[in-house]
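Undergrad: model-v4.tsv is the file, holding TSV, C-alpha atoms and all ligand atoms:
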```
chain	number	residue	atom	x	y	z
A	38	MET	CA	150.30	48.26	41.86
A	39	LYS	CA	147.75	45.45	42.38
A	40	LYS	CA	147.59	42.48	40.01
A	41	ILE	CA	144.43	40.41	40.05
A	42	ILE	CA	144.59	37.16	38.11
A	43	ALA	CA	141.58	36.05	36.07
A	44	ARG	CA	141.69	32.37	35.14
A	45	THR	CA	139.83	31.28	32.01
A	46	LEU	CA	139.08	27.82	30.64
A	47	ASN	CA	142.30	27.69	28.60
A	48	ASP	CA	144.40	30.56	29.85
A	49	MET	CA	144.65	33.44	32.31
A	50	TYR	CA	145.15	37.20	32.23
A	51	GLU	CA	146.01	39.94	34.68
A	52	ILE	CA	143.92	42.90	35.70
A	53	ILE	CA	146.39	45.59	36.69
A	54	LEU	CA	145.00	48.15	39.11
A	55	SER	CA	147.23	51.13	39.66
A	56	ASN	CA	147.04	54.92	39.85
A	57	GLY	CA	148.95	56.25	36.87
A	58	ALA	CA	148.95	52.90	35.01
A	59	LEU	CA	147.86	54.77	31.89
A	60	HIS	CA	151.44	56.03	31.53
A	61	HIS	CA	152.84	52.49	31.55
A	62	VAL	CA	150.54	50.75	29.08
A	63	GLY	CA	153.33	50.34	26.52
A	64	GLU	CA	155.65	48.39	28.81
A	65	ILE	CA	152.75	46.35	30.22
A	66	ALA	CA	151.57	45.48	26.68
A	67	GLY	CA	155.13	44.62	25.70
A	68	SER	CA	155.19	41.94	28.37
A	69	VAL	CA	152.10	40.16	27.00
A	70	ILE	CA	152.40	40.47	23.21
A	71	LYS	CA	155.16	39.47	20.81
A	72	GLY	CA	154.53	41.92	17.94
A	73	LYS	CA	155.50	45.55	17.58
A	74	LYS	CA	152.22	47.05	16.37
A	75	ALA	CA	149.21	48.18	18.37
A	76	PHE	CA	145.96	49.51	16.97
A	77	ILE	CA	144.12	51.79	19.41
A	78	VAL	CA	140.34	52.17	19.22
A	79	THR	CA	138.82	54.99	21.24
A	80	ASP	CA	136.13	57.67	21.12
A	81	LYS	CA	136.34	61.41	20.63
A	82	ASN	CA	135.91	62.30	24.32
A	83	VAL	CA	138.48	59.82	25.59
A	84	ALA	CA	140.90	60.66	22.77
A	85	ALA	CA	140.92	64.33	23.80
A	86	LEU	CA	141.93	63.36	27.35
A	87	TYR	CA	144.16	60.30	27.12
A	88	LEU	CA	145.13	59.32	23.59
A	89	ASN	CA	148.35	61.33	23.68
A	90	ASP	CA	149.57	59.71	26.92
A	91	VAL	CA	148.67	56.21	25.75
A	92	THR	CA	150.27	56.69	22.33
A	93	THR	CA	153.46	58.07	23.90
A	94	SER	CA	153.67	55.13	26.27
A	95	PHE	CA	153.38	52.61	23.41
A	96	GLN	CA	155.94	54.52	21.32
A	97	ASN	CA	158.37	54.67	24.23
A	98	ALA	CA	158.07	50.90	24.42
A	99	GLY	CA	159.16	50.70	20.75
A	100	MET	CA	155.78	50.02	19.24
A	101	THR	CA	154.17	51.42	16.09
A	102	ILE	CA	150.70	52.80	16.65
A	103	ASN	CA	147.64	53.45	14.56
A	104	THR	CA	144.34	54.81	15.81
A	105	HIS	CA	140.65	54.84	14.99
A	106	ILE	CA	138.43	57.36	16.80
A	107	ILE	CA	134.67	56.85	16.81
A	108	GLN	CA	131.87	59.15	17.96
A	109	PRO	CA	130.83	58.47	21.56
A	110	GLY	CA	127.52	56.74	22.24
A	111	GLU	CA	125.80	53.35	22.26
A	112	GLU	CA	124.36	53.96	18.77
A	113	ASN	CA	127.90	53.66	17.36
A	114	LYS	CA	128.31	50.09	18.59
A	115	ASN	CA	127.14	48.86	15.21
A	116	HIS	CA	128.16	46.77	12.20
A	117	ASN	CA	129.33	49.80	10.20
A	118	GLU	CA	131.93	50.66	12.83
A	119	LEU	CA	132.92	47.00	13.10
A	120	TRP	CA	133.45	46.90	9.33
A	121	SER	CA	135.55	50.07	9.44
A	122	LEU	CA	137.76	48.51	12.10
A	123	TYR	CA	138.42	45.42	9.97
A	124	GLN	CA	139.45	47.68	7.08
A	125	CYS	CA	141.73	49.77	9.33
A	126	PHE	CA	143.36	46.63	10.78
A	127	HIS	CA	144.01	45.36	7.26
A	128	GLN	CA	145.50	48.66	6.05
A	129	PHE	CA	147.77	48.77	9.12
A	130	GLY	CA	148.95	45.22	8.40
A	131	LEU	CA	147.97	43.90	11.82
A	132	THR	CA	148.96	40.28	12.51
A	133	ARG	CA	148.09	37.78	15.20
A	134	SER	CA	151.28	38.71	17.07
A	135	ASP	CA	150.20	42.35	17.37
A	136	ALA	CA	147.52	43.91	19.55
A	137	VAL	CA	144.24	45.75	19.42
A	138	VAL	CA	143.76	48.25	22.24
A	139	ALA	CA	140.32	49.21	23.57
A	140	LEU	CA	140.71	52.62	25.23
A	141	GLY	CA	137.35	53.76	26.59
A	142	GLY	CA	134.11	52.72	28.22
A	143	GLY	CA	131.71	49.86	27.59
A	144	VAL	CA	130.86	50.79	23.99
A	145	ILE	CA	134.52	50.86	22.96
A	146	GLY	CA	135.23	47.64	24.90
A	147	ASP	CA	132.36	45.69	23.35
A	148	LEU	CA	132.96	46.85	19.78
A	149	THR	CA	136.75	46.57	19.87
A	150	GLY	CA	136.56	43.22	21.64
A	151	LEU	CA	134.38	41.80	18.89
A	152	ALA	CA	136.68	43.18	16.19
A	153	ALA	CA	139.74	41.70	17.95
A	154	ALA	CA	138.00	38.36	18.45
A	155	THR	CA	137.04	37.96	14.81
A	156	TYR	CA	139.81	39.61	12.76
A	157	LEU	CA	142.18	36.86	11.58
A	158	ARG	CA	140.22	34.62	14.01
A	159	GLY	CA	141.61	36.50	16.97
A	160	ILE	CA	144.18	39.23	17.71
A	161	PRO	CA	145.38	39.86	21.30
A	162	LEU	CA	143.21	42.45	23.03
A	163	ILE	CA	144.50	44.99	25.53
A	164	SER	CA	141.74	46.60	27.51
A	165	ILE	CA	142.14	50.06	29.08
A	166	PRO	CA	138.75	50.87	30.65
A	167	THR	CA	138.15	54.57	31.33
A	168	THR	CA	134.71	54.60	32.99
A	169	LEU	CA	133.75	53.21	36.38
A	170	LEU	CA	131.25	50.89	34.71
A	171	ALA	CA	133.89	49.49	32.36
A	172	GLN	CA	136.48	49.19	35.15
A	173	VAL	CA	134.23	47.21	37.49
A	174	ASP	CA	132.24	45.25	34.95
A	175	SER	CA	132.48	45.24	31.17
A	176	SER	CA	136.28	45.04	30.82
A	177	ILE	CA	136.34	41.76	32.79
A	178	GLY	CA	134.97	38.46	31.58
A	179	GLY	CA	135.27	38.69	27.82
A	180	LYS	CA	131.79	39.70	26.68
A	181	THR	CA	131.92	41.46	23.30
A	182	ALA	CA	129.04	42.69	21.15
A	183	ILE	CA	127.47	45.05	18.69
A	184	ASN	CA	123.84	46.16	18.62
A	185	MET	CA	121.45	45.34	15.78
A	186	PRO	CA	118.26	47.16	14.77
A	187	PHE	CA	116.34	44.32	16.43
A	188	GLY	CA	118.15	44.43	19.76
A	189	LYS	CA	121.06	45.37	21.98
A	190	ASN	CA	124.18	43.16	22.06
A	191	MET	CA	122.62	40.74	19.57
A	192	ILE	CA	125.88	39.83	17.81
A	193	GLY	CA	128.91	38.97	19.88
A	194	CYS	CA	131.09	36.33	21.43
A	195	PHE	CA	133.18	35.58	24.49
A	196	TYR	CA	136.77	36.67	23.93
A	197	GLN	CA	139.10	37.22	26.86
A	198	PRO	CA	141.60	40.11	26.88
A	199	SER	CA	145.34	39.51	27.17
A	200	VAL	CA	145.53	42.11	29.93
A	201	VAL	CA	143.26	44.73	31.52
A	202	ILE	CA	144.94	47.97	32.62
A	203	THR	CA	142.83	49.88	35.13
A	204	ASP	CA	143.87	53.35	36.23
A	205	PRO	CA	141.55	54.76	38.93
A	206	LYS	CA	142.94	58.27	38.27
A	207	VAL	CA	141.07	58.51	34.95
A	208	LEU	CA	137.77	58.41	36.83
A	209	THR	CA	138.38	61.91	38.18
A	210	SER	CA	137.67	63.30	34.70
A	211	LEU	CA	134.24	61.66	34.42
A	212	PRO	CA	131.08	63.77	34.47
A	213	ARG	CA	128.94	63.05	37.55
A	214	SER	CA	126.21	61.32	35.49
A	215	VAL	CA	128.69	58.88	33.88
A	216	MET	CA	130.26	58.17	37.27
A	217	ASN	CA	126.84	57.47	38.79
A	218	ASP	CA	126.14	54.97	36.03
A	219	GLY	CA	129.07	52.96	37.32
A	220	VAL	CA	128.01	53.47	40.93
A	221	ALA	CA	124.76	51.60	40.11
A	222	GLU	CA	126.86	48.56	39.12
A	223	VAL	CA	128.97	48.93	42.25
A	224	ILE	CA	125.79	48.92	44.38
A	225	LYS	CA	124.80	45.78	42.45
A	226	TYR	CA	128.02	44.02	43.54
A	227	GLY	CA	127.26	44.99	47.14
A	228	CYS	CA	123.72	43.65	46.79
A	229	ILE	CA	124.67	40.29	45.27
A	230	ARG	CA	127.94	39.48	47.11
A	231	ASP	CA	129.37	41.99	49.52
A	232	ILE	CA	127.56	43.55	52.46
A	233	ASP	CA	130.71	45.44	53.52
A	234	LEU	CA	130.82	47.09	50.12
A	235	PHE	CA	127.13	47.96	50.39
A	236	ASN	CA	127.64	49.46	53.87
A	237	HIS	CA	130.64	51.42	52.61
A	238	LEU	CA	128.45	52.95	49.89
A	239	MET	CA	125.70	53.68	52.42
A	240	SER	CA	128.16	55.44	54.71
A	241	GLY	CA	128.77	58.12	52.09
A	242	ARG	CA	132.46	57.20	51.77
A	243	MET	CA	133.87	56.60	48.29
A	244	ASP	CA	137.30	55.02	48.63
A	245	LEU	CA	137.64	54.37	44.93
A	246	GLU	CA	140.68	52.10	44.91
A	247	TRP	CA	139.16	49.92	47.64
A	248	ILE	CA	135.82	49.82	45.79
A	249	LEU	CA	137.46	48.94	42.46
A	250	GLU	CA	139.46	46.08	43.96
A	251	ARG	CA	136.38	44.63	45.72
A	252	CYS	CA	134.29	44.76	42.55
A	253	ILE	CA	137.04	43.40	40.29
A	254	ARG	CA	137.61	40.48	42.68
A	255	ILE	CA	133.88	39.66	42.80
A	256	LYS	CA	133.51	39.80	39.03
A	257	THR	CA	136.67	37.77	38.46
A	258	ALA	CA	135.56	35.05	40.88
A	259	ILE	CA	132.13	34.80	39.25
A	260	VAL	CA	133.37	34.64	35.65
A	261	GLU	CA	136.09	32.13	36.58
A	262	ASN	CA	133.34	29.80	37.78
A	263	ASP	CA	131.06	30.44	34.81
A	264	GLU	CA	132.91	31.89	31.82
A	265	PHE	CA	130.05	31.31	29.37
A	266	ASP	CA	127.13	32.69	31.36
A	267	LYS	CA	125.27	29.46	31.97
A	268	GLY	CA	124.82	29.66	35.75
A	269	GLU	CA	126.46	31.73	38.46
A	270	ARG	CA	127.35	34.58	36.07
A	271	MET	CA	123.62	35.27	35.71
A	272	LEU	CA	123.77	36.72	39.24
A	273	LEU	CA	125.46	39.74	37.67
A	274	ASN	CA	122.11	40.41	36.01
A	275	PHE	CA	120.52	41.48	39.29
A	276	GLY	CA	118.32	44.45	38.33
A	277	HIS	CA	119.14	43.98	34.66
A	278	THR	CA	116.07	42.09	33.41
A	279	ILE	CA	113.85	45.01	34.36
A	280	GLY	CA	116.70	47.46	33.68
A	281	HIS	CA	117.23	46.36	30.07
A	282	ALA	CA	113.48	46.56	29.45
A	283	LEU	CA	113.39	50.10	30.87
A	284	GLU	CA	116.32	51.17	28.69
A	285	LYS	CA	114.53	49.86	25.63
A	286	CYS	CA	111.17	51.43	26.65
A	287	GLY	CA	112.97	54.77	26.65
A	288	ASP	CA	114.61	54.04	23.28
A	289	TYR	CA	118.04	54.06	25.02
A	290	ARG	CA	117.74	57.85	25.38
A	291	ARG	CA	115.49	58.46	28.37
A	292	LEU	CA	117.48	56.39	30.87
A	293	THR	CA	121.17	55.53	30.97
A	294	HIS	CA	122.15	51.92	31.69
A	295	GLY	CA	122.99	52.75	35.31
A	296	GLN	CA	119.73	54.61	35.88
A	297	ALA	CA	117.75	51.71	34.41
A	298	VAL	CA	119.64	49.17	36.53
A	299	SER	CA	119.06	51.33	39.59
A	300	ILE	CA	115.27	51.19	39.13
A	301	GLY	CA	115.53	47.52	38.12
A	302	MET	CA	117.32	46.59	41.37
A	303	LEU	CA	114.71	48.32	43.50
A	304	VAL	CA	111.81	46.69	41.62
A	305	SER	CA	113.53	43.28	41.87
A	306	ALA	CA	113.95	43.67	45.63
A	307	MET	CA	110.29	44.66	45.96
A	308	LEU	CA	109.24	41.67	43.85
A	309	GLY	CA	111.34	39.44	46.08
A	310	GLU	CA	109.83	40.82	49.27
A	311	LYS	CA	106.30	40.39	47.86
A	312	GLN	CA	106.98	36.68	47.37
A	313	ALA	CA	108.81	36.29	50.72
A	314	LEU	CA	111.98	35.38	48.81
A	315	THR	CA	113.77	38.50	50.05
A	316	SER	CA	114.03	39.56	53.68
A	317	GLU	CA	111.81	42.44	54.67
A	318	GLY	CA	113.42	45.87	54.61
A	319	THR	CA	115.91	44.99	51.84
A	320	ALA	CA	114.12	47.13	49.23
A	321	LYS	CA	114.13	50.13	51.58
A	322	ARG	CA	117.88	49.80	52.18
A	323	ILE	CA	118.53	49.60	48.45
A	324	ARG	CA	116.25	52.59	47.82
A	325	ASP	CA	118.11	54.67	50.44
A	326	CYS	CA	121.47	53.69	48.96
A	327	LEU	CA	120.40	54.54	45.40
A	328	LEU	CA	118.97	57.91	46.45
A	329	SER	CA	122.13	58.77	48.37
A	330	HIS	CA	124.05	58.37	45.08
A	331	ASP	CA	121.57	60.44	43.04
A	332	LEU	CA	120.24	57.38	41.25
A	333	PRO	CA	116.57	57.19	40.22
A	334	VAL	CA	113.98	55.02	41.96
A	335	GLU	CA	110.77	55.95	40.10
A	336	VAL	CA	109.55	53.73	37.25
A	337	PRO	CA	108.73	55.93	34.25
A	338	PHE	CA	106.87	53.23	32.25
A	339	SER	CA	103.88	50.95	32.80
A	340	ALA	CA	104.10	47.28	33.80
A	341	ASP	CA	102.62	46.35	30.39
A	342	GLN	CA	105.30	48.29	28.50
A	343	ILE	CA	108.05	46.63	30.55
A	344	LEU	CA	106.60	43.13	30.20
A	345	GLU	CA	106.25	43.34	26.44
A	346	ILE	CA	110.01	43.80	26.25
A	347	VAL	CA	110.87	41.24	28.93
A	348	GLN	CA	108.91	38.70	26.87
A	349	SER	CA	111.08	39.27	23.82
A	350	ASP	CA	114.35	39.16	25.82
A	351	LYS	CA	116.97	36.77	24.44
A	352	LYS	CA	117.31	35.22	27.90
A	353	ASN	CA	113.64	34.26	28.01
A	354	PHE	CA	113.12	30.52	27.43
A	355	SER	CA	109.65	29.07	26.79
A	356	ASN	CA	107.77	31.70	28.73
A	357	THR	CA	109.89	31.41	31.84
A	358	ILE	CA	112.73	33.65	32.86
A	359	HIS	CA	115.82	33.35	35.05
A	360	PHE	CA	115.17	36.15	37.49
A	361	ILE	CA	117.78	37.23	40.06
A	362	PHE	CA	116.54	37.81	43.58
A	363	LEU	CA	118.29	38.69	46.83
A	364	ARG	CA	117.85	36.68	49.99
A	365	ASN	CA	119.45	39.56	51.87
A	366	ILE	CA	121.87	42.31	50.96
A	367	GLY	CA	125.01	40.43	49.89
A	368	GLU	CA	123.28	37.17	48.94
A	369	ALA	CA	121.68	36.59	45.53
A	370	PHE	CA	120.15	33.57	43.83
A	371	ILE	CA	118.61	32.58	40.50
A	372	HIS	CA	114.89	31.87	40.45
A	373	ARG	CA	113.03	30.55	37.45
A	374	MET	CA	109.81	32.47	37.06
A	375	ALA	CA	106.88	32.16	34.66
A	376	ILE	CA	106.31	35.32	32.65
A	377	GLY	CA	102.63	35.20	33.63
A	378	ASP	CA	103.58	35.21	37.30
A	379	LEU	CA	106.04	38.07	36.78
A	380	LYS	CA	103.30	40.03	35.02
A	381	HIS	CA	100.86	39.65	37.86
A	382	ARG	CA	103.45	40.47	40.57
A	383	LEU	CA	105.03	43.36	38.70
A	384	LYS	CA	101.64	45.05	38.43
A	385	GLU	CA	101.10	44.60	42.16
A	386	VAL	CA	104.53	45.98	43.05
A	387	MET	CA	104.39	48.92	40.63
A	388	ALA	CA	101.23	50.16	42.24
A	389	HIS	CA	103.46	50.88	45.30
A	390	VAL	CA	106.69	52.24	43.79
B	1	LIG	N1	128.03	42.37	32.58
B	1	LIG	C1	127.59	41.09	32.98
B	1	LIG	C2	128.54	40.01	32.61
B	1	LIG	O1	129.67	40.25	32.27
B	1	LIG	O2	128.15	38.86	32.63
```
Write out the structure in this file as structure tokens.

TA:
Amino acid sequence: MKKIIARTLNDMYEIILSNGALHHVGEIAGSVIKGKKAFIVTDKNVAALYLNDVTTSFQNAGMTINTHIIQPGEENKNHNELWSLYQCFHQFGLTRSDAVVALGGGVIGDLTGLAAATYLRGIPLISIPTTLLAQVDSSIGGKTAINMPFGKNMIGCFYQPSVVITDPKVLTSLPRSVMNDGVAEVIKYGCIRDIDLFNHLMSGRMDLEWILERCIRIKTAIVENDEFDKGERMLLNFGHTIGHALEKCGDYRRLTHGQAVSIGMLVSAMLGEKQALTSEGTAKRIRDCLLSHDLPVEVPFSADQILEIVQSDKKNFSNTIHFIFLRNIGEAFIHRMAIGDLKHRLKEVMAHV
């Protein structure tokens, strides 16, 4: 069992990485919370696979359990589900000594995290991520959110979990497409911080436990330095400015998050090379890596469609944007760019994708 410590401004928590950890969540939770109740939030797909094991583990640790199961999908990360959770917590008599458990992927983590952060001004949160994307990214660092009709992740806050329990074994049950979504984020970590990780992915090997530990350590180090996303943490957005715009262009149905980030990373590397910010050949290496993991590299929308959305992005200040570029594979930096400049360069680059 590996324990990776994440230090926050006022506290710390452990990320436990262990095959089979899912069967020990009760005893792990018991060591970080005082109360005897845990409310598990999950989705239908995850419930069918793991809810029994998780419930049994909590019960064996002497805890009383209640559960709320939502439909899978990003469209359910909304205020109606958040409201339902508050009502369920109240009916169950949850107190600040008890725990809320997020058992699932990014949607479950974001929604449950926000509910835990706001109910009674904060109930301890136990995170059990079950997708690669959630294990390497969204379960670490305390971002919570729901979507609104006017945008993704528009309501949320930073709220750190009490513990993250990561079981690599659960990834074996993931459909290939969901796994690949996470692989896009793993490639991102290689691109921004870790050339060895990038080379490992290029070599066709997939040593999952090694990959998970590398990614978790990178994410932990970045969010420890910048818990509230004001500087270094923005590096995690490599490929995401274009990626989020692509997701929205396709109404969140045409491209998954990982597919959109995949295209976004390639376009960002090409933009960097065009401006001599990124060393030549970087975009080709990224393209080869993405293709070897069945990730898309073609842009299915026009530069104008993408830019319209980039312009309305919540991270866009006074017509300039913090854009993440690579110097080389493994080395990223933040570059402030005028939207007008981005427009002109994106059109140039997209003529060659
Ligand atoms: N997923 C990016 C972040 O946590 O900042």

Undergrad: When you count all atoms listed in the file, which of these residues is closest to A:Ile371: A:Glu310, A:Glu269, A:Glu345, A:Asp135?

TA: A:Glu269

Undergrad: Provide the atom CA of A:His330 to atom CA of A:Asn217 distance in Å, to one decimal place.

TA: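 Separation between atom CA of A:His330 and atom CA of A:Asn217: 6.9 Å.
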
Undergrad: From the options A:Asn89, A:Gln124, A:Ser299, A:Asn82, which residue's atoms come nearest to A:Leu328, counting only C-alpha atoms?

TA: A:Ser299

Undergrad: List as an NGL selection string the protein and nucleic acid residues lying within 8 Å of ligand LIG 1 (chain B), with only C-alpha atoms and all ligand atoms counted.

TA: :A and (174-175 or 177-180 or 256 or 260 or 266 or 270-271 or 273-274)

Undergrad: Give me, as a list in words, all polymer residues having an atom no more than 12 Å from A:Ser68, counting all atoms listed in the file and skipping those fewer than 6 positions away in the same chain.

TA: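 Here the qualifying residues turn out to be Tyr50, Glu51, His61, Val62, Phe95, Ala98, Ala136, Ile163, Ser199 and Val200 of chain A.
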
Undergrad: Using only C-alpha atoms, which residue out of A:Asp231, A:Met243, A:Tyr289, A:Ile248 lies closest to A:Ala369?

TA: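 Closest to A:Ala369 of all the choices is A:Asp231.
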
Undergrad: Which polymer residues, protein or nucleic acid, are no farther than 7 Å from (147.4, 40.6, 39.3), counting all atoms listed in the file, as a list in words?

TA: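 Checking each residue against the 7 Å limit leaves Lys39, Lys40, Ile41, Ile42, Glu51, Ile52 and Ile53 of chain A.
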
Undergrad: Quote the spacing between atom CA of A:Met49 and atom CA of A:Ile160 in Å to one decimal place.

TA: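 Computed distance, atom CA of A:Met49 to atom CA of A:Ile160, equals 15.7 Å.
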
Undergrad: Tell me which protein, DNA and RNA residues are within 9 Å of A:Ala153, counting only C-alpha atoms, leaving out same-chain ones fewer than 2 positions away, and put them as a PyMOL selection string.

TA: chain A and resi 123+136-138+148-151+155-162+196

Undergrad: As JSON, numbers by chain, please: the residues near A:Gly318 (cut-off 12 Å, all atoms listed in the file, same-chain neighbours under 4 positions excluded).

TA: {"A": [303, 306, 307, 309, 310, 311, 313, 322, 323, 324, 325, 363, 364, 365, 366]}

Undergrad: With C-alpha atoms retained, export the selected residues as a compact mmCIF listing (two decimals), in the frame of the given file.

TA:
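Wrote it out as selection-v5.txt, contents follow:
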```
# COMPACT_ATOMS: atom_id res chain seq x y z
CA LEU A 303 114.71 48.32 43.50
CA ALA A 306 113.95 43.67 45.63
CA MET A 307 110.29 44.66 45.96
CA GLY A 309 111.34 39.44 46.08
CA GLU A 310 109.83 40.82 49.27
CA LYS A 311 106.30 40.39 47.86
CA ALA A 313 108.81 36.29 50.72
CA ARG A 322 117.88 49.80 52.18
CA ILE A 323 118.53 49.60 48.45
CA ARG A 324 116.25 52.59 47.82
CA ASP A 325 118.11 54.67 50.44
CA LEU A 363 118.29 38.69 46.83
CA ARG A 364 117.85 36.68 49.99
CA ASN A 365 119.45 39.56 51.87
CA ILE A 366 121.87 42.31 50.96
```

Undergrad: What would stretch 100-113 of chain A look like with N, CA, C and O atoms restored, written as a PDB file, in the coordinates of the input?

TA:
```pdb
ATOM      1  N   MET A 100     156.851  50.543  20.077  1.00  0.00           N
ATOM      2  CA  MET A 100     155.780  50.020  19.240  1.00  0.00           C
ATOM      3  C   MET A 100     155.270  51.051  18.236  1.00  0.00           C
ATOM      4  O   MET A 100     155.300  52.256  18.498  1.00  0.00           O
ATOM      5  N   THR A 101     154.789  50.559  17.105  1.00  0.00           N
ATOM      6  CA  THR A 101     154.170  51.420  16.090  1.00  0.00           C
ATOM      7  C   THR A 101     152.672  51.430  16.354  1.00  0.00           C
ATOM      8  O   THR A 101     152.068  50.384  16.584  1.00  0.00           O
ATOM      9  N   ILE A 102     152.097  52.620  16.256  1.00  0.00           N
ATOM     10  CA  ILE A 102     150.700  52.800  16.650  1.00  0.00           C
ATOM     11  C   ILE A 102     149.859  53.286  15.484  1.00  0.00           C
ATOM     12  O   ILE A 102     150.320  54.082  14.670  1.00  0.00           O
ATOM     13  N   ASN A 103     148.643  52.838  15.421  1.00  0.00           N
ATOM     14  CA  ASN A 103     147.640  53.450  14.560  1.00  0.00           C
ATOM     15  C   ASN A 103     146.365  53.575  15.382  1.00  0.00           C
ATOM     16  O   ASN A 103     146.198  52.864  16.378  1.00  0.00           O
ATOM     17  N   THR A 104     145.484  54.477  14.965  1.00  0.00           N
ATOM     18  CA  THR A 104     144.340  54.810  15.810  1.00  0.00           C
ATOM     19  C   THR A 104     143.067  54.950  15.001  1.00  0.00           C
ATOM     20  O   THR A 104     143.097  55.440  13.868  1.00  0.00           O
ATOM     21  N   HIS A 105     141.949  54.549  15.592  1.00  0.00           N
ATOM     22  CA  HIS A 105     140.650  54.840  14.990  1.00  0.00           C
ATOM     23  C   HIS A 105     139.781  55.457  16.081  1.00  0.00           C
ATOM     24  O   HIS A 105     139.615  54.881  17.158  1.00  0.00           O
ATOM     25  N   ILE A 106     139.240  56.644  15.795  1.00  0.00           N
ATOM     26  CA  ILE A 106     138.430  57.360  16.800  1.00  0.00           C
ATOM     27  C   ILE A 106     136.984  57.369  16.349  1.00  0.00           C
ATOM     28  O   ILE A 106     136.685  57.839  15.239  1.00  0.00           O
ATOM     29  N   ILE A 107     136.087  56.843  17.184  1.00  0.00           N
ATOM     30  CA  ILE A 107     134.670  56.850  16.810  1.00  0.00           C
ATOM     31  C   ILE A 107     133.927  57.935  17.610  1.00  0.00           C
ATOM     32  O   ILE A 107     134.452  58.484  18.576  1.00  0.00           O
ATOM     33  N   GLN A 108     132.717  58.226  17.189  1.00  0.00           N
ATOM     34  CA  GLN A 108     131.870  59.150  17.960  1.00  0.00           C
ATOM     35  C   GLN A 108     131.422  58.427  19.230  1.00  0.00           C
ATOM     36  O   GLN A 108     131.174  57.221  19.185  1.00  0.00           O
ATOM     37  N   PRO A 109     131.300  59.137  20.335  1.00  0.00           N
ATOM     38  CA  PRO A 109     130.830  58.470  21.560  1.00  0.00           C
ATOM     39  C   PRO A 109     129.358  58.079  21.435  1.00  0.00           C
ATOM     40  O   PRO A 109     128.629  58.693  20.666  1.00  0.00           O
ATOM     41  N   GLY A 110     128.955  57.068  22.171  1.00  0.00           N
ATOM     42  CA  GLY A 110     127.520  56.740  22.240  1.00  0.00           C
ATOM     43  C   GLY A 110     127.220  55.315  21.797  1.00  0.00           C
ATOM     44  O   GLY A 110     127.850  54.773  20.880  1.00  0.00           O
ATOM     45  N   GLU A 111     126.226  54.739  22.477  1.00  0.00           N
ATOM     46  CA  GLU A 111     125.800  53.350  22.260  1.00  0.00           C
ATOM     47  C   GLU A 111     125.394  53.100  20.801  1.00  0.00           C
ATOM     48  O   GLU A 111     125.589  52.013  20.259  1.00  0.00           O
ATOM     49  N   GLU A 112     124.844  54.142  20.143  1.00  0.00           N
ATOM     50  CA  GLU A 112     124.360  53.960  18.770  1.00  0.00           C
ATOM     51  C   GLU A 112     125.508  53.671  17.789  1.00  0.00           C
ATOM     52  O   GLU A 112     125.282  53.226  16.668  1.00  0.00           O
ATOM     53  N   ASN A 113     126.749  53.929  18.240  1.00  0.00           N
ATOM     54  CA  ASN A 113     127.900  53.660  17.360  1.00  0.00           C
ATOM     55  C   ASN A 113     128.465  52.258  17.531  1.00  0.00           C
ATOM     56  O   ASN A 113     129.449  51.899  16.876  1.00  0.00           O
TER      57      ASN A 113
END
```
